>>> print(open('target_10.txt').read())   # compact mmCIF, C-alpha atoms (C1' of nucleotides)
# COMPACT_ATOMS: atom_id res chain seq x y z
CA MET A 1 -9.78 6.60 7.66
CA PRO A 2 -6.74 5.31 5.88
CA GLU A 3 -6.67 2.80 3.15
CA ILE A 4 -4.40 3.03 0.15
CA LEU A 5 -6.04 6.20 -1.18
CA GLU A 6 -5.53 8.10 2.07
CA ALA A 7 -1.98 6.79 2.35
CA GLU A 8 -1.34 8.09 -1.15
CA LYS A 9 -2.66 11.52 -0.18
CA ALA A 10 -0.32 11.55 2.78
CA ARG A 11 2.56 10.47 0.55
CA GLU A 12 1.83 13.32 -1.84
CA LEU A 13 1.72 15.79 1.04
CA ILE A 14 5.09 14.58 2.30
CA GLU A 15 6.55 14.69 -1.18
CA ALA A 16 5.34 18.26 -1.67
CA ARG A 17 6.23 19.65 1.72
CA ALA A 18 8.83 17.63 3.58
CA LEU A 19 11.59 16.62 1.17
CA GLY A 20 14.97 18.28 1.51
CA ARG A 21 14.38 19.86 4.90
CA GLU A 22 16.98 19.12 7.56
CA ILE A 23 15.66 17.24 10.55
CA ALA A 24 16.41 18.87 13.88
CA GLY A 25 14.78 16.54 16.37
CA VAL A 26 12.43 13.66 16.98
CA HIS A 27 9.20 13.67 18.96
CA ALA A 28 8.52 10.13 20.12
CA PRO A 29 6.64 10.35 23.41
CA ASP A 30 5.04 6.92 23.09
CA ALA A 31 7.47 4.00 22.98
CA TRP A 32 4.58 1.63 22.34
CA PHE A 33 3.94 3.39 19.03
CA LEU A 34 7.42 2.45 17.82
CA LYS A 35 7.72 -1.00 16.31
CA ARG A 36 10.34 -3.57 15.45
CA GLY A 37 12.83 -2.61 18.09
CA LEU A 38 12.79 1.11 17.45
CA THR A 39 13.16 3.19 20.60
CA PRO A 40 12.80 6.93 21.17
CA GLU A 41 16.56 7.02 21.71
CA GLY A 42 17.18 5.07 18.53
CA ALA A 43 15.02 7.41 16.48
CA ALA A 44 16.68 10.44 18.07
CA ALA A 45 20.08 9.04 17.15
CA ALA A 46 19.21 8.12 13.56
CA LEU A 47 17.23 11.00 12.13
CA PRO A 48 18.53 14.44 13.21
CA GLY A 49 20.85 15.93 10.59
CA ARG A 50 19.21 13.90 7.83
CA ARG A 51 16.86 15.07 5.12
CA PHE A 52 14.04 13.10 3.51
CA THR A 53 14.96 12.44 -0.11
CA GLU A 54 11.96 10.49 -1.33
CA ALA A 55 8.41 9.75 -0.20
CA ARG A 56 7.39 6.27 -1.31
CA ARG A 57 4.45 4.09 -0.47
CA ARG A 58 3.74 0.38 -0.60
CA GLY A 59 0.14 -0.39 0.12
CA LYS A 60 -0.77 1.56 3.22
CA LEU A 61 2.83 1.86 4.43
CA LEU A 62 4.55 5.23 3.97
CA LEU A 63 8.28 5.03 3.30
CA LEU A 64 10.46 8.09 3.81
CA ASP A 65 14.02 7.63 2.62
CA THR A 66 16.78 9.78 4.09
CA ASP A 67 20.02 11.01 2.59
CA GLY A 68 23.50 9.54 2.90
CA ASP A 69 23.44 6.16 4.60
CA GLY A 70 20.46 7.18 6.69
CA PRO A 71 17.54 4.89 7.43
CA THR A 72 14.12 4.70 5.83
CA LEU A 73 11.41 5.93 8.16
CA ALA A 74 8.18 3.97 7.82
CA LEU A 75 4.86 5.32 9.04
CA HIS A 76 1.63 3.37 9.44
CA LEU A 77 -1.57 5.37 9.72
CA GLY A 78 -3.52 2.60 11.40
CA MET A 79 -7.23 3.32 11.67
CA SER A 80 -7.17 6.99 12.56
CA GLY A 81 -3.72 8.27 11.67
CA ARG A 82 -3.09 11.42 9.72
CA VAL A 83 0.07 13.13 8.56
CA ILE A 84 0.38 16.77 9.50
CA ILE A 85 3.11 19.01 8.14
CA ASP A 86 3.64 22.49 9.54
CA GLY A 87 0.22 22.29 11.15
CA GLU A 88 -1.69 21.37 8.01
CA ALA A 89 -3.24 17.95 7.53
CA ALA A 90 -3.35 16.00 4.29
CA GLY A 91 -6.63 17.67 3.42
CA ASP A 92 -9.08 15.14 4.77
CA PRO A 93 -11.92 16.24 7.01
CA LEU A 94 -10.85 16.16 10.63
CA LEU A 95 -11.88 13.13 12.59
CA TYR A 96 -12.55 13.49 16.28
CA ALA A 97 -12.81 17.21 15.72
CA ALA A 98 -14.25 17.75 19.18
CA ASN A 99 -10.79 17.18 20.57
CA GLY A 100 -8.83 17.61 17.40
CA ASP A 101 -5.88 19.43 18.84
CA ASN A 102 -5.19 17.13 21.75
CA PRO A 103 -1.37 17.17 21.81
CA ALA A 104 -1.37 13.64 23.24
CA TRP A 105 -2.52 12.38 19.85
CA LEU A 106 0.74 13.40 18.19
CA ARG A 107 2.31 9.96 18.53
CA PHE A 108 5.42 10.56 16.44
CA GLY A 109 7.04 13.37 14.55
CA VAL A 110 10.17 15.13 13.47
CA THR A 111 10.96 18.81 13.76
CA PHE A 112 12.89 20.57 11.04
CA VAL A 113 15.75 23.01 11.43
CA ASP A 114 13.61 25.61 9.66
CA GLY A 115 11.10 25.48 12.51
CA GLY A 116 8.41 23.31 10.91
CA ALA A 117 7.42 19.77 11.72
CA LEU A 118 6.02 16.55 10.28
CA SER A 119 3.75 14.73 12.68
CA LEU A 120 1.64 11.61 12.79
CA ARG A 121 -1.58 12.36 14.64
CA ASP A 122 -3.40 9.22 15.70
CA PRO A 123 -6.17 9.37 18.31
CA ARG A 124 -6.68 5.63 18.39
CA ARG A 125 -2.97 4.91 18.58
CA LEU A 126 -3.17 2.01 16.14
CA GLY A 127 -0.58 3.39 13.77
CA ALA A 128 3.15 2.89 14.06
CA ALA A 129 6.59 4.19 13.21
CA GLU A 130 9.61 2.07 12.47
CA LEU A 131 12.99 2.30 10.77
CA ASP A 132 14.16 0.23 7.80
CA PRO A 133 11.02 -1.89 7.56
CA ASP A 134 10.82 -5.20 5.79
CA GLU A 135 9.03 -3.94 2.71
CA GLU A 136 8.77 -7.45 1.32
CA ARG A 137 6.29 -8.41 4.01
CA LEU A 138 3.82 -6.58 1.80
CA GLY A 139 2.59 -7.89 -1.51
CA VAL A 140 2.27 -6.00 -4.77
CA ASP A 141 0.88 -2.50 -4.39
CA ALA A 142 -2.78 -2.45 -5.39
CA PHE A 143 -2.20 0.34 -7.90
CA ALA A 144 0.41 -1.79 -9.66
CA LEU A 145 -1.61 -5.00 -9.61
CA ARG A 146 -1.97 -6.65 -13.01
CA LEU A 147 -4.17 -9.49 -14.15
CA PRO A 148 -1.54 -12.28 -14.17
CA VAL A 149 -0.57 -11.58 -10.56
CA LEU A 150 -4.17 -11.41 -9.43
CA ARG A 151 -4.92 -14.60 -11.31
CA ALA A 152 -2.08 -16.38 -9.52
CA HIS A 153 -3.22 -15.20 -6.09
CA VAL A 154 -6.81 -16.17 -6.77
CA ALA A 155 -5.82 -19.66 -7.86
CA ALA A 156 -3.62 -20.17 -4.81
CA SER A 157 -6.13 -19.39 -2.09
CA ARG A 158 -9.23 -21.07 -0.74
CA ALA A 159 -9.92 -18.15 1.58
CA PRO A 160 -13.01 -16.00 0.96
CA ILE A 161 -12.16 -13.69 -1.92
CA LYS A 162 -12.62 -10.69 0.36
CA ALA A 163 -10.10 -12.04 2.87
CA MET A 164 -7.66 -12.76 0.07
CA LEU A 165 -7.96 -9.25 -1.32
CA MET A 166 -7.41 -7.72 2.12
CA ASP A 167 -4.35 -9.87 2.86
CA GLN A 168 -1.59 -7.26 2.76
CA ALA A 169 1.05 -9.92 2.15
CA ARG A 170 -0.63 -10.74 -1.16
CA ILE A 171 -2.00 -7.38 -2.33
CA ALA A 172 -1.04 -4.30 -0.36
CA GLY A 173 -3.45 -1.44 0.09
CA LEU A 174 -7.03 -2.70 -0.05
CA GLY A 175 -8.94 -2.29 3.21
CA ASN A 176 -12.47 -3.04 4.30
CA LEU A 177 -14.33 -0.29 2.45
CA LEU A 178 -12.41 -0.49 -0.82
CA THR A 179 -12.71 -4.27 -0.91
CA ASP A 180 -16.47 -4.17 -0.42
CA GLU A 181 -16.74 -1.56 -3.18
CA VAL A 182 -14.55 -3.60 -5.52
CA LEU A 183 -16.63 -6.74 -5.04
CA PHE A 184 -19.83 -4.72 -5.36
CA ARG A 185 -18.64 -3.41 -8.72
CA ALA A 186 -17.35 -6.79 -9.87
CA GLY A 187 -20.60 -8.53 -8.90
CA ILE A 188 -18.84 -11.15 -6.78
CA ASP A 189 -20.00 -12.51 -3.43
CA PRO A 190 -17.35 -11.70 -0.77
CA VAL A 191 -17.55 -15.18 0.76
CA ARG A 192 -16.75 -17.06 -2.44
CA PRO A 193 -13.56 -19.09 -2.01
CA ALA A 194 -10.98 -17.34 -4.16
CA ASN A 195 -10.12 -20.40 -6.20
CA THR A 196 -13.72 -20.90 -7.28
CA LEU A 197 -13.75 -17.72 -9.37
CA SER A 198 -13.95 -18.24 -13.12
CA ASP A 199 -11.42 -16.53 -15.34
CA THR A 200 -14.17 -14.21 -16.51
CA GLU A 201 -14.77 -13.23 -12.90
CA VAL A 202 -11.07 -12.73 -12.24
CA ARG A 203 -10.90 -10.39 -15.22
CA ALA A 204 -13.90 -8.48 -13.92
CA LEU A 205 -12.25 -8.31 -10.53
CA ALA A 206 -9.02 -6.91 -11.97
CA ARG A 207 -10.97 -4.25 -13.83
CA ALA A 208 -13.01 -3.42 -10.74
CA ILE A 209 -9.90 -2.95 -8.62
CA SER A 210 -8.37 -0.60 -11.15
CA THR A 211 -11.57 1.34 -11.76
CA THR A 212 -12.43 1.59 -8.07
CA LEU A 213 -9.02 2.89 -7.09
CA ARG A 214 -8.97 5.54 -9.79
CA THR A 215 -12.59 6.59 -9.42
CA LEU A 216 -12.57 6.86 -5.64
CA GLN A 217 -9.21 8.59 -5.70
CA ARG A 218 -10.72 11.22 -7.97
CA ARG A 219 -13.78 11.51 -5.73
CA GLY A 220 -11.68 12.00 -2.66
CA GLY A 221 -11.14 8.78 -0.77
CA SER A 222 -12.07 5.28 0.31
CA HIS A 223 -15.39 6.40 1.75
CA THR A 224 -16.77 7.71 -1.58
CA GLY A 225 -17.79 4.37 -3.06
CA ASP A 226 -21.12 3.78 -4.80
CA HIS A 227 -22.31 1.34 -2.14
CA MET A 228 -21.30 3.53 0.81
CA PRO A 229 -24.65 5.29 1.30
CA ALA A 230 -26.30 1.89 1.73
CA ARG A 231 -23.70 0.72 4.20
CA GLU A 232 -25.97 0.53 7.19
CA PRO A 233 -28.36 -2.10 8.52
CA GLY A 234 -31.36 -2.23 6.21
CA GLY A 235 -29.56 -0.39 3.43
CA HIS A 236 -30.58 -1.15 -0.16
CA CYS A 237 -28.39 -1.87 -3.17
CA PRO A 238 -28.10 1.25 -5.33
CA ARG A 239 -27.92 -0.95 -8.40
CA ASP A 240 -30.98 -3.21 -8.02
CA GLY A 241 -32.72 -2.18 -4.82
CA ALA A 242 -32.24 -5.42 -2.92
CA GLU A 243 -31.64 -5.19 0.80
CA LEU A 244 -27.92 -5.59 1.42
CA LEU A 245 -26.54 -8.45 3.45
CA ARG A 246 -24.52 -7.55 6.51
CA ARG A 247 -22.06 -10.24 7.50
CA THR A 248 -18.61 -10.69 8.95
CA VAL A 249 -16.10 -11.84 6.36
CA GLY A 250 -12.38 -11.97 6.94
CA GLY A 251 -13.03 -10.59 10.39
CA ARG A 252 -14.58 -7.39 9.13
CA THR A 253 -18.10 -6.07 8.77
CA THR A 254 -19.12 -6.74 5.19
CA TYR A 255 -22.00 -5.39 3.13
CA SER A 256 -22.95 -7.06 -0.14
CA CYS A 257 -25.89 -7.41 -2.48
CA PRO A 258 -27.55 -10.84 -2.54
CA VAL A 259 -28.91 -10.21 -6.03
CA HIS A 260 -26.02 -9.08 -8.21
CA GLN A 261 -23.05 -10.32 -6.15
CA ARG A 262 -22.93 -14.06 -6.73
C1' DC B 1 -24.41 1.55 28.52
C1' DC B 2 -23.29 -0.97 24.30
C1' DG B 3 -21.73 -1.79 19.80
C1' DG B 4 -19.11 -0.40 16.09
C1' DA B 5 -15.49 2.13 13.44
C1' DT B 6 -11.17 2.99 7.07
C1' DG B 7 -5.81 -1.63 10.57
C1' DT B 8 -2.44 -4.94 12.25
C1' DT B 9 -0.84 -8.55 15.11
C1' DC B 10 -1.15 -12.47 17.90
C1' DA B 11 -2.98 -16.40 20.54
C1' DC B 12 -5.77 -20.23 19.97
C1' DC B 13 -8.66 -23.50 17.38
C1' DT B 14 -10.11 -26.57 13.50
C1' DG C 1 0.26 -25.01 6.55
C1' DA C 2 -4.17 -22.52 5.77
C1' DG C 3 -7.56 -20.07 7.54
C1' DG C 4 -11.25 -18.66 11.01
C1' DT C 5 -12.34 -16.22 15.41
C1' DG C 6 -11.70 -13.15 19.00
C1' DA C 7 -8.89 -10.07 21.54
C1' DA C 8 -5.99 -6.17 22.12
C1' DC C 9 -4.64 -1.51 21.18
C1' DA C 10 -7.52 3.89 22.47
C1' DT C 11 -11.07 6.99 21.46
C1' DC C 12 -15.19 8.81 19.82
C1' DC C 13 -19.96 8.47 18.11
C1' DG C 14 -24.83 7.14 17.59
>>> encode(input="target_10.txt", output="structure tokens")
Amino acid sequence: MPEILEAEKARELIEARALGREIAGVHAPDAWFLKRGLTPEGAAAALPGRRFTEARRRGKLLLLDTDGDGPTLALHLGMSGRVIIDGEAAGDPLLYAANGDNPAWLRFGVTFVDGGALSLRDPRRLGAAELDPDEERLGVDAFALRLPVLRAHVAASRAPIKAMLMDQARIAGLGNLLTDEVLFRAGIDPVRPANTLSDTEVRALARAISTTLRTLQRRGGSHTGDHMPAREPGGHCPRDGAELLRRTVGGRTTYSCPVHQR
DNA sequence: CCGGATGTTCACCT
DNA sequence: GAGGTGAACATCCG
């Protein structure tokens, strides 16, 4: 479920509930889940005794700074990850509820001296935890994106505009659903090479990104877009009634309207 | 049984 | 170098 909006919810949960609490131990039962050289032993050596001082986010990557000269813990939610603190999730409806309390899905976590815990629950195991990540591998956070930066990225890429928008090294945070909604709102065909967009279209795109993020955040998440109900084979555009196209763009299933997205 | 699912990374082509 | 495709990861759902 996570794109930038869900990552932001998780960040807010961490900020509200996890800062300042002394870490007692690390739960890292799955070495594969740890990335960039991090080991269960390494995590167990680096985190206990520390406290999280700040919960940041860049795109979909959660960044938890620790006090003193401690490391920054980075958490990826992957496709099905969710942050749980003291047994309460970030507020999203439970996925895989039929087996929602399978303890094997708690891929990483820390326990606090006060008895609570922060966990990353990830049934599909596509998330990750690492220490001191290279934050610069990610481009500008989508919430902070401004027209001049978007304009530069658009001009520099011949990739389909959808692929360019989803490239986390350029703009961090937009995933498959948000990108389709953005292009739906901007009236732009997802397969258009980025550098063929007119400046008028780039301006519309910048507005659509901003509006989409704020509107869907208020509605409750990445899955609340206007085009979502039609996101199935044979679905019709809620704006003009045309049957939506279903294609693969940038490696992902893509729905778009052949009438108003040109 | 099969295909597909909100993500990232990598091998392999063109 | 840029960018596309398909696979892999693990699990559930229709």
>>> interface_residues(input="target_10.txt", of="chain C", to="chain A", cutoff="9 Å", atoms="all atoms listed in the file", output="MDAnalysis selection string")
chainID C and resid 2:5 9:12
>>> residues_around(input="target_10.txt", residues="DT8 of chain B", least_positions_apart="2", cutoff="12 Å", atoms="only C-alpha atoms (C1' of nucleotides)", output="tab-separated table (two decimals) with C-alpha atoms (C1' of nucleotides), in the frame of the given file")
chain	number	residue	atom	x	y	z
A	35	LYS	CA	7.72	-1.00	16.31
A	60	LYS	CA	-0.77	1.56	3.22
A	61	LEU	CA	2.83	1.86	4.43
A	76	HIS	CA	1.63	3.37	9.44
A	77	LEU	CA	-1.57	5.37	9.72
A	78	GLY	CA	-3.52	2.60	11.40
A	79	MET	CA	-7.23	3.32	11.67
A	125	ARG	CA	-2.97	4.91	18.58
A	126	LEU	CA	-3.17	2.01	16.14
A	127	GLY	CA	-0.58	3.39	13.77
A	128	ALA	CA	3.15	2.89	14.06
A	166	MET	CA	-7.41	-7.72	2.12
A	167	ASP	CA	-4.35	-9.87	2.86
A	168	GLN	CA	-1.59	-7.26	2.76
A	169	ALA	CA	1.05	-9.92	2.15
A	175	GLY	CA	-8.94	-2.29	3.21
B	10	DC	C1'	-1.15	-12.47	17.90
C	8	DA	C1'	-5.99	-6.17	22.12
C	9	DC	C1'	-4.64	-1.51	21.18
>>> interface_residues(input="target_10.txt", of="chain B", to="chain A", cutoff="9 Å", atoms="all atoms listed in the file", output="MDAnalysis selection string")
chainID B and resid 5:8
>>> atom_distance(input="target_10.txt", atom1="atom CA of Tyr255 of chain A", atom2="atom CA of Ala186 of chain A")
13.9 Å
>>> atom_distance(input="target_10.txt", atom1="atom CA of Arg146 of chain A", atom2="atom CA of Ala74 of chain A")
25.5 Å
>>> closest_residue(input="target_10.txt", among="A:Gly187, A:Gly87, A:Gly225, A:Gly70", to="Gly116 of chain A", atoms="all atoms listed in the file")
A:Gly87
>>> atom_distance(input="target_10.txt", atom1="atom C1' of DG1 of chain C", atom2="atom CA of Arg192 of chain A")
20.8 Å
>>> closest_residue(input="target_10.txt", among="A:Arg58, A:Leu197, A:Thr254, A:Thr215", to="Pro233 of chain A", atoms="all atoms listed in the file")
A:Thr254
>>> residues_near_point(input="target_10.txt", point="(-1.2, 6.8, -2.0)", cutoff="12 Å", atoms="all atoms listed in the file", output="PyMOL selection string")
chain A and resi 2-15+55-63+77+90+141-144+172-174+213-214+216-217+220-222
>>> residues_around(input="target_10.txt", residues="Leu118 of chain A", least_positions_apart="4", cutoff="7 Å", atoms="only C-alpha atoms (C1' of nucleotides)", output="list of chain:residue names")
A:Ile84, A:Ile85, A:Asp86, A:Gly109, A:Val110, A:Thr111
